[in-house]
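The file query-v4.cif contains mmCIF, C-alpha atoms:
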data_start
loop_
_atom_site.label_atom_id
_atom_site.label_comp_id
_atom_site.auth_asym_id
_atom_site.auth_seq_id
_atom_site.Cartn_x
_atom_site.Cartn_y
_atom_site.Cartn_z
CA MET X 1 15.74 47.41 -12.35
CA ALA X 2 13.90 47.29 -9.08
CA PRO X 3 10.43 45.78 -9.13
CA SER X 4 7.68 48.34 -8.99
CA ALA X 5 5.38 46.12 -6.99
CA ILE X 6 5.63 42.98 -4.91
CA GLU X 7 3.76 40.12 -6.47
CA VAL X 8 1.33 38.44 -4.10
CA THR X 9 -0.05 34.99 -4.84
CA PRO X 10 -3.78 35.06 -4.28
CA THR X 11 -5.05 32.59 -1.69
CA GLU X 12 -8.56 32.20 -3.03
CA ALA X 13 -9.59 29.41 -0.70
CA TYR X 14 -9.01 31.63 2.32
CA ASN X 15 -11.01 34.54 1.00
CA ALA X 16 -14.15 32.41 1.12
CA PRO X 17 -16.47 32.82 4.13
CA SER X 18 -15.27 30.67 7.00
CA VAL X 19 -17.13 27.59 8.16
CA LYS X 20 -17.24 29.13 11.62
CA LYS X 21 -19.09 32.23 10.40
CA ILE X 22 -21.57 30.18 8.40
CA LEU X 23 -22.30 27.82 11.30
CA ALA X 24 -22.60 30.70 13.78
CA ASN X 25 -25.92 31.62 12.18
CA SER X 26 -27.18 28.12 11.42
CA ARG X 27 -29.82 26.27 13.42
CA SER X 28 -30.88 24.02 10.57
CA VAL X 29 -29.59 22.81 7.21
CA ALA X 30 -31.81 25.41 5.49
CA ASP X 31 -29.75 28.20 7.13
CA ILE X 32 -26.58 27.05 5.32
CA LYS X 33 -26.55 29.05 2.10
CA VAL X 34 -22.91 28.66 1.05
CA THR X 35 -21.42 25.64 -0.70
CA PHE X 36 -17.73 24.88 -1.18
CA GLY X 37 -18.01 21.76 -3.33
CA ASP X 38 -15.82 19.74 -0.96
CA PHE X 39 -15.84 18.04 2.47
CA ARG X 40 -16.84 21.34 4.10
CA ASP X 41 -20.37 20.93 2.72
CA ASP X 42 -20.70 17.55 4.47
CA LEU X 43 -19.19 18.96 7.66
CA MET X 44 -21.59 21.90 7.82
CA ARG X 45 -24.66 19.80 6.95
CA ASP X 46 -23.98 16.62 8.96
CA GLY X 47 -21.57 17.75 11.68
CA TYR X 48 -18.95 15.32 10.38
CA ALA X 49 -17.10 14.47 7.17
CA VAL X 50 -14.66 11.92 5.76
CA VAL X 51 -11.78 13.32 3.70
CA LYS X 52 -10.80 10.42 1.45
CA GLY X 53 -7.08 9.79 0.98
CA ALA X 54 -5.81 12.68 3.13
CA ILE X 55 -2.70 10.51 3.43
CA PRO X 56 -1.63 8.35 0.45
CA ARG X 57 -2.33 4.66 1.09
CA ASP X 58 1.32 3.53 1.10
CA ARG X 59 2.27 6.03 3.79
CA ALA X 60 -0.91 5.29 5.80
CA ASP X 61 0.04 1.59 5.81
CA SER X 62 3.57 2.40 6.96
CA TYR X 63 2.18 4.49 9.86
CA GLY X 64 -0.14 1.60 10.77
CA SER X 65 2.87 -0.70 10.84
CA ALA X 66 4.80 1.84 12.96
CA PHE X 67 1.90 1.85 15.46
CA TYR X 68 2.26 -1.94 15.88
CA ASP X 69 6.07 -1.51 16.12
CA PHE X 70 5.49 0.96 18.97
CA LEU X 71 3.19 -1.48 20.82
CA GLU X 72 5.71 -4.30 20.34
CA SER X 73 8.63 -2.16 21.50
CA LEU X 74 7.32 -1.51 25.02
CA MET E 1 21.96 -4.32 39.03
CA ASN E 2 21.85 -7.06 36.47
CA LEU E 3 21.85 -5.36 33.10
CA HIS E 4 19.98 -8.20 31.39
CA LEU E 5 17.24 -8.04 33.98
CA LEU E 6 16.97 -4.30 33.45
CA ILE E 7 16.55 -4.73 29.72
CA ALA E 8 14.10 -7.59 30.16
CA THR E 9 11.88 -5.55 32.44
CA SER E 10 11.99 -2.35 30.44
CA SER E 11 11.22 -3.63 26.99
CA ASN E 12 9.37 -6.28 25.06
CA ILE E 13 6.59 -7.24 27.42
CA GLY E 14 5.33 -9.64 24.83
CA PHE E 15 2.83 -8.21 22.37
CA ASP E 16 3.27 -9.62 18.85
CA ARG E 17 0.92 -8.41 16.10
CA ASN E 18 1.10 -11.85 14.45
CA ASP E 19 0.14 -13.76 17.59
CA PRO E 20 -3.45 -13.05 18.73
CA SER E 21 -2.80 -14.87 22.03
CA THR E 22 -0.62 -11.87 23.03
CA ILE E 23 -3.60 -9.47 22.94
CA LYS E 24 -3.57 -9.39 26.73
CA ARG E 25 -3.16 -6.51 29.15
CA LYS E 26 -0.01 -8.08 30.61
CA HIS E 27 1.65 -8.00 27.17
CA LEU E 28 0.62 -4.46 26.31
CA PRO E 29 1.10 -0.91 27.51
CA VAL E 30 -1.78 0.60 29.48
CA ILE E 31 -4.65 1.19 27.08
CA ASN E 32 -7.90 2.49 28.52
CA GLU E 33 -11.26 0.89 27.79
CA LYS E 34 -11.86 3.36 24.96
CA GLY E 35 -8.60 2.28 23.31
CA MET E 36 -6.63 5.40 24.20
CA VAL E 37 -2.87 5.15 24.71
CA LEU E 38 -2.22 8.25 26.81
CA ASP E 39 1.20 7.48 28.26
CA TYR E 40 4.61 6.23 27.10
CA ALA E 41 4.96 9.50 25.14
CA GLY E 42 2.81 7.81 22.48
CA PRO E 43 1.43 11.15 21.29
CA HIS E 44 5.03 12.20 20.55
CA GLU E 45 6.17 9.08 18.72
CA ASN E 46 7.80 9.86 15.40
CA PHE E 47 5.03 8.27 13.32
CA VAL E 48 2.42 10.31 15.19
CA TRP E 49 4.23 13.54 14.37
CA GLN E 50 4.57 12.37 10.76
CA VAL E 51 0.81 11.89 10.58
CA ARG E 52 0.18 15.36 12.04
CA SER E 53 2.64 16.83 9.52
CA GLU E 54 1.03 15.26 6.45
CA PRO E 55 0.21 18.11 4.02
CA GLY E 56 -3.15 16.57 3.09
CA VAL E 57 -4.12 16.61 6.78
CA VAL E 58 -2.93 20.13 7.62
CA GLU E 59 -4.55 21.57 4.49
CA VAL E 60 -7.99 20.39 5.58
CA PHE E 61 -7.78 22.34 8.84
CA GLU E 62 -6.44 25.39 6.96
CA LYS E 63 -9.51 25.30 4.74
CA VAL E 64 -11.98 25.03 7.59
CA HIS E 65 -10.37 27.68 9.79
CA GLY E 66 -9.53 29.97 6.88
CA THR E 67 -5.94 30.51 8.00
CA LYS E 68 -2.52 28.87 7.76
CA ASP E 69 -1.58 30.07 11.26
CA LEU E 70 -2.58 26.95 13.14
CA ILE E 71 -1.47 25.21 16.29
CA VAL E 72 -1.56 21.41 16.57
CA SER E 73 -2.94 19.29 19.41
CA PHE E 74 -0.97 16.60 21.27
CA ASP E 75 -3.86 14.16 21.27
CA ALA E 76 -3.99 10.50 22.16
CA ILE E 77 -3.53 7.60 19.81
CA ASN E 78 -6.11 4.82 19.77
CA ILE E 79 -5.92 1.07 19.27
CA GLY E 80 -9.07 -1.05 19.48
CA PHE E 81 -8.09 -4.70 19.30
CA HIS E 82 -10.48 -7.16 17.67
CA ASP E 83 -10.10 -9.45 20.69
CA ARG E 84 -11.35 -7.54 23.74
CA SER E 85 -11.74 -10.56 26.04
CA ASP E 86 -8.97 -9.37 28.42
CA PHE E 87 -10.09 -5.72 28.46
CA PRO E 88 -12.86 -3.90 30.34
CA ALA E 89 -16.03 -3.36 28.31
CA ASN E 90 -16.12 -0.26 26.15
CA LYS E 91 -19.55 1.07 27.07
CA PRO E 92 -21.12 3.90 25.07
CA TRP E 93 -20.29 7.34 26.45
CA PRO E 94 -22.09 9.66 24.03
CA HIS E 95 -20.76 13.18 24.47
CA GLN E 96 -19.82 16.55 23.04
CA ASP E 97 -16.33 17.97 23.53
CA GLN E 98 -17.51 21.49 24.14
CA ASP E 99 -18.82 23.55 27.04
CA PRO E 100 -22.57 24.15 26.48
CA ALA E 101 -22.04 27.62 27.98
CA LYS E 102 -19.83 28.48 24.96
CA PRO E 103 -22.00 27.68 21.93
CA GLY E 104 -21.20 27.99 18.23
CA PHE E 105 -18.66 26.11 16.14
CA ARG E 106 -15.48 26.27 18.21
CA CYS E 107 -13.49 23.13 17.61
CA LEU E 108 -12.98 20.84 14.66
CA GLN E 109 -11.90 17.42 15.89
CA GLY E 110 -10.24 14.91 13.64
CA LEU E 111 -8.73 11.48 13.46
CA VAL E 112 -6.61 9.79 10.85
CA ASN E 113 -7.80 6.24 10.30
CA LEU E 114 -5.02 3.67 9.72
CA GLN E 115 -6.87 0.35 9.27
CA PRO E 116 -9.87 -0.68 7.18
CA CYS E 117 -12.93 0.58 9.05
CA GLY E 118 -16.29 -0.70 7.80
CA GLU E 119 -19.76 -1.09 9.30
CA ASN E 120 -18.74 -3.95 11.62
CA ASP E 121 -15.31 -2.59 12.55
CA GLY E 122 -14.68 -0.49 15.63
CA GLY E 123 -14.65 3.27 15.37
CA LEU E 124 -16.44 6.56 15.58
CA ILE E 125 -20.21 6.83 15.72
CA VAL E 126 -21.96 10.20 15.47
CA ALA E 127 -25.49 11.64 15.77
CA ARG E 128 -25.72 13.10 12.28
CA GLY E 129 -26.77 16.76 12.26
CA GLY E 130 -26.60 17.09 16.05
CA HIS E 131 -24.25 20.09 15.87
CA LEU E 132 -27.05 22.30 14.50
CA LEU E 133 -29.45 21.35 17.31
CA SER E 134 -26.94 21.78 20.12
CA GLU E 135 -28.19 25.14 21.38
CA ASP E 136 -31.82 23.99 21.32
CA PHE E 137 -30.80 20.84 23.16
CA HIS E 138 -29.06 22.73 25.95
CA LYS E 139 -31.99 25.13 26.33
CA ASP E 140 -34.41 22.24 26.73
CA MET E 141 -32.08 20.24 28.99
CA ALA E 142 -30.77 23.09 31.16
CA ASP E 143 -32.18 21.49 34.32
CA GLU E 144 -30.76 18.03 33.63
CA THR E 145 -28.15 16.91 36.17
CA ARG E 146 -24.73 16.92 34.51
CA ILE E 147 -22.65 13.77 34.25
CA PRO E 148 -19.45 14.55 36.20
CA ALA E 149 -16.52 15.49 33.96
CA TRP E 150 -12.93 16.56 34.57
CA THR E 151 -13.37 19.58 32.31
CA SER E 152 -16.28 21.89 31.48
CA GLU E 153 -15.39 21.28 27.81
CA TRP E 154 -17.00 17.81 28.01
CA TYR E 155 -20.74 17.21 28.09
CA GLY E 156 -22.08 13.67 28.52
CA PHE E 157 -25.55 12.73 27.30
CA THR E 158 -27.82 11.17 29.95
CA ASP E 159 -30.64 8.76 29.08
CA ASN E 160 -32.94 11.80 28.90
CA GLY E 161 -30.46 13.51 26.59
CA MET E 162 -30.34 10.44 24.36
CA LYS E 163 -34.13 10.42 24.26
CA TRP E 164 -34.13 14.10 23.18
CA ILE E 165 -31.74 13.22 20.34
CA LYS E 166 -33.98 10.38 19.22
CA ASP E 167 -37.19 12.42 19.55
CA HIS E 168 -35.68 15.11 17.33
CA GLY E 169 -35.05 12.61 14.57
CA LEU E 170 -31.28 12.41 14.76
CA GLU E 171 -29.77 9.18 13.53
CA TRP E 172 -26.61 7.55 14.92
CA VAL E 173 -24.22 6.78 12.06
CA LYS E 174 -21.14 4.57 12.19
CA VAL E 175 -18.45 6.43 10.24
CA CYS E 176 -16.60 4.15 7.81
CA ALA E 177 -13.21 4.92 6.28
CA ASP E 178 -10.18 3.48 4.53
CA PRO E 179 -6.57 3.71 5.77
CA GLY E 180 -5.33 7.26 5.17
CA ASP E 181 -8.78 8.87 5.38
CA LEU E 182 -9.25 11.79 7.76
CA ILE E 183 -12.50 11.81 9.74
CA LEU E 184 -13.61 15.24 10.97
CA TRP E 185 -16.36 16.32 13.29
CA ASP E 186 -17.71 19.45 14.93
CA SER E 187 -17.13 19.13 18.70
CA ARG E 188 -20.84 19.72 19.25
CA THR E 189 -21.85 16.66 17.23
CA PRO E 190 -22.75 13.92 19.77
CA HIS E 191 -20.23 11.09 19.38
CA TYR E 192 -18.40 8.14 20.95
CA ASN E 193 -16.66 5.03 19.67
CA VAL E 194 -17.92 1.49 19.30
CA PRO E 195 -15.86 -1.70 19.68
CA THR E 196 -15.36 -3.92 16.67
CA THR E 197 -17.51 -6.98 16.05
CA SER E 198 -15.17 -8.21 13.30
CA LYS E 199 -11.59 -9.55 13.22
CA GLN E 200 -10.22 -6.12 12.33
CA ASP E 201 -8.20 -3.97 14.76
CA ARG E 202 -9.08 -0.30 14.87
CA MET E 203 -6.34 2.32 14.78
CA ALA E 204 -6.71 6.08 15.02
CA ILE E 205 -4.41 9.06 15.42
CA TYR E 206 -6.43 11.96 16.83
CA THR E 207 -5.46 15.08 14.96
CA CYS E 208 -6.73 18.58 15.63
CA PHE E 209 -5.52 22.05 14.73
CA MET E 210 -6.91 25.42 15.79
CA PRO E 211 -6.06 29.00 14.84
CA VAL E 212 -3.11 30.40 16.78
CA SER E 213 -5.13 33.61 17.21
CA GLU E 214 -7.54 31.77 19.53
CA VAL E 215 -4.81 30.55 21.89
CA THR E 216 -3.85 32.40 25.09
CA GLN E 217 -0.35 32.87 26.47
CA GLU E 218 -1.23 30.58 29.40
CA ASP E 219 -2.29 27.86 26.98
CA LEU E 220 1.02 28.16 25.14
CA ILE E 221 3.05 27.80 28.33
CA ARG E 222 1.04 24.72 29.29
CA LYS E 223 1.61 23.32 25.82
CA LYS E 224 5.36 23.96 25.97
CA HIS E 225 5.56 21.97 29.21
CA ALA E 226 3.58 19.12 27.64
CA PHE E 227 5.91 19.05 24.66
CA GLU E 228 9.06 19.08 26.79
CA GLY E 229 7.61 16.45 29.13
CA ASN E 230 6.18 14.32 26.31
CA PHE E 231 2.65 14.52 27.73
CA SER E 232 -0.58 14.42 25.81
CA LEU E 233 -3.17 17.15 26.04
CA TYR E 234 -6.75 16.85 24.90
CA ASN E 235 -8.56 18.58 22.10
CA LEU E 236 -9.12 22.26 21.41
CA SER E 237 -5.50 21.78 20.36
CA LEU E 238 -4.34 22.44 23.91
#
Same coordinates, now as structure tokens:
Amino acid sequence: MAPSAIEVTPTEAYNAPSVKKILANSRSVADIKVTFGDFRDDLMRDGYAVVKGAIPRDRADSYGSAFYDFLESL
Amino acid sequence: MNLHLLIATSSNIGFDRNDPSTIKRKHLPVINEKGMVLDYAGPHENFVWQVRSEPGVVEVFEKVHGTKDLIVSFDAINIGFHDRSDFPANKPWPHQDQDPAKPGFRCLQGLVNLQPCGENDGGLIVARGGHLLSEDFHKDMADETRIPAWTSEWYGFTDNGMKWIKDHGLEWVKVCADPGDLILWDSRTPHYNVPTTSKQDRMAIYTCFMPVSEVTQEDLIRKKHAFEGNFSLYNLSL
């Protein structure tokens, strides 16, 4: 039997107001009324943020080693 | 042509990570005083593309821009050696990477940190909260002579500009991170990088994505040429 509707996975994170829209109307921290509960709050408040462990440590170390390999290869 | 000579002159100019005496310009590729490696197709090395392709990195930009349709930058890679005795001084060049004539949040810049980066290690320093005061700053400083720049998307802070930042209570913060952490900043946030005062090298892969919808056809053609020619292009993902 043919499906009667196509199932769509909701992308909740992307239905939230964008950082760009929030910052467009912000001249001070008091103007920022939305919170995300993640690095975006730091970014909007401070103008910068650190996302811990965006890359797992073992892979980060292998990329660091590859950077030295590159410098040694020239 | 002597094949051995050819090989000797085209590879292995002598840098060895385990031998600090090889941290000399003559043993290394050209690295500018800020630590940027702009040539040698560095921005297109396999490990650099692997970093840009990391799901935990891409996801962050998807969240901020609110879309999965993103285009990636071909930014520089950065090495700040702990021994800088053979390199020109890295003087502060506090700046924004955005044209003051085009205000608002336009570009999220990022770098993936690959070495321990504490208070005394080299790396990014930012004027915390400066993004929110950017429009006020440029209104007040409209008559200030601009520091020459190769693109209108770069604004350098003069001594007067630095005084404005201080007078408005902004604090300069050294951003610390562990290997694998992604540091993000709004292009309007005043920033530069500081050399290390420790024995720790600094390593950064600049990583930046922007929505495809904000890119023009001309930009895409320029980007295609850069990819095919293995060039780097600066931020705004172009």
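Distance check against E:Val173 using only C-alpha atoms: of X:Tyr63, X:Tyr48, X:Tyr68, X:Phe36, the minimum falls on X:Tyr48.
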Requested in this report: Please provide the set of residues having any atom within 8 Å of X:Glu72, restricted to all atoms listed in the file, with same-chain residues fewer than 6 positions apart removed, written as a ChimeraX atom specification.
Outcome: /E:12-17,28
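Nearest to chain E of all the residues X:Lys52, X:Lys33, X:Arg59, X:Lys21 is X:Lys52, based on only C-alpha atoms.
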Query raised in the report: Taking all atoms listed in the file into account, which residues of chain X are within 9 Å of chain E, as number ranges by chain?
Result: X: 13-21, 23-29, 39-40, 43-64, 66-74
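Taking atom CA of E:Thr145 as the reference point, atom CA of E:Lys34 is found at 24.0 Å.
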Requested in this report: Could you jot down the atom CA of E:Leu220 to atom CA of E:Ile71 separation for me, Å, one decimal place?
Outcome: 9.7 Å
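Coordinates place atom CA of E:Cys117 at a distance of 22.1 Å from atom CA of E:Leu38.
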Report task. Dump as a PyMOL selection string all residues having an atom at most 8 Å from (-17.0, 28.8, 28.5), computed in the file's coordinates with only C-alpha atoms. Result -> chain E and resi 99-102+152-153
Requested in this report: Step by step, work through what the PyMOL selection byres ((chain E and resi 95) around 8) selects in the shown file, and finish by giving those residues as a ChimeraX atom specification.
Outcome: /E:93-94,96-97,154-157,190-192
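Among the candidate residues E:Ser53, E:Ile23, E:Asp86, E:Ile147, the one lying nearest to E:Val72 is E:Ser53, with distances computed using only C-alpha atoms.
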**Report entry** Hits from the PyMOL selection byres ((chain E and resi 84) around 10), listed as a ChimeraX atom specification
**Finding:** /E:23-25,33,80-83,85-90,195-197
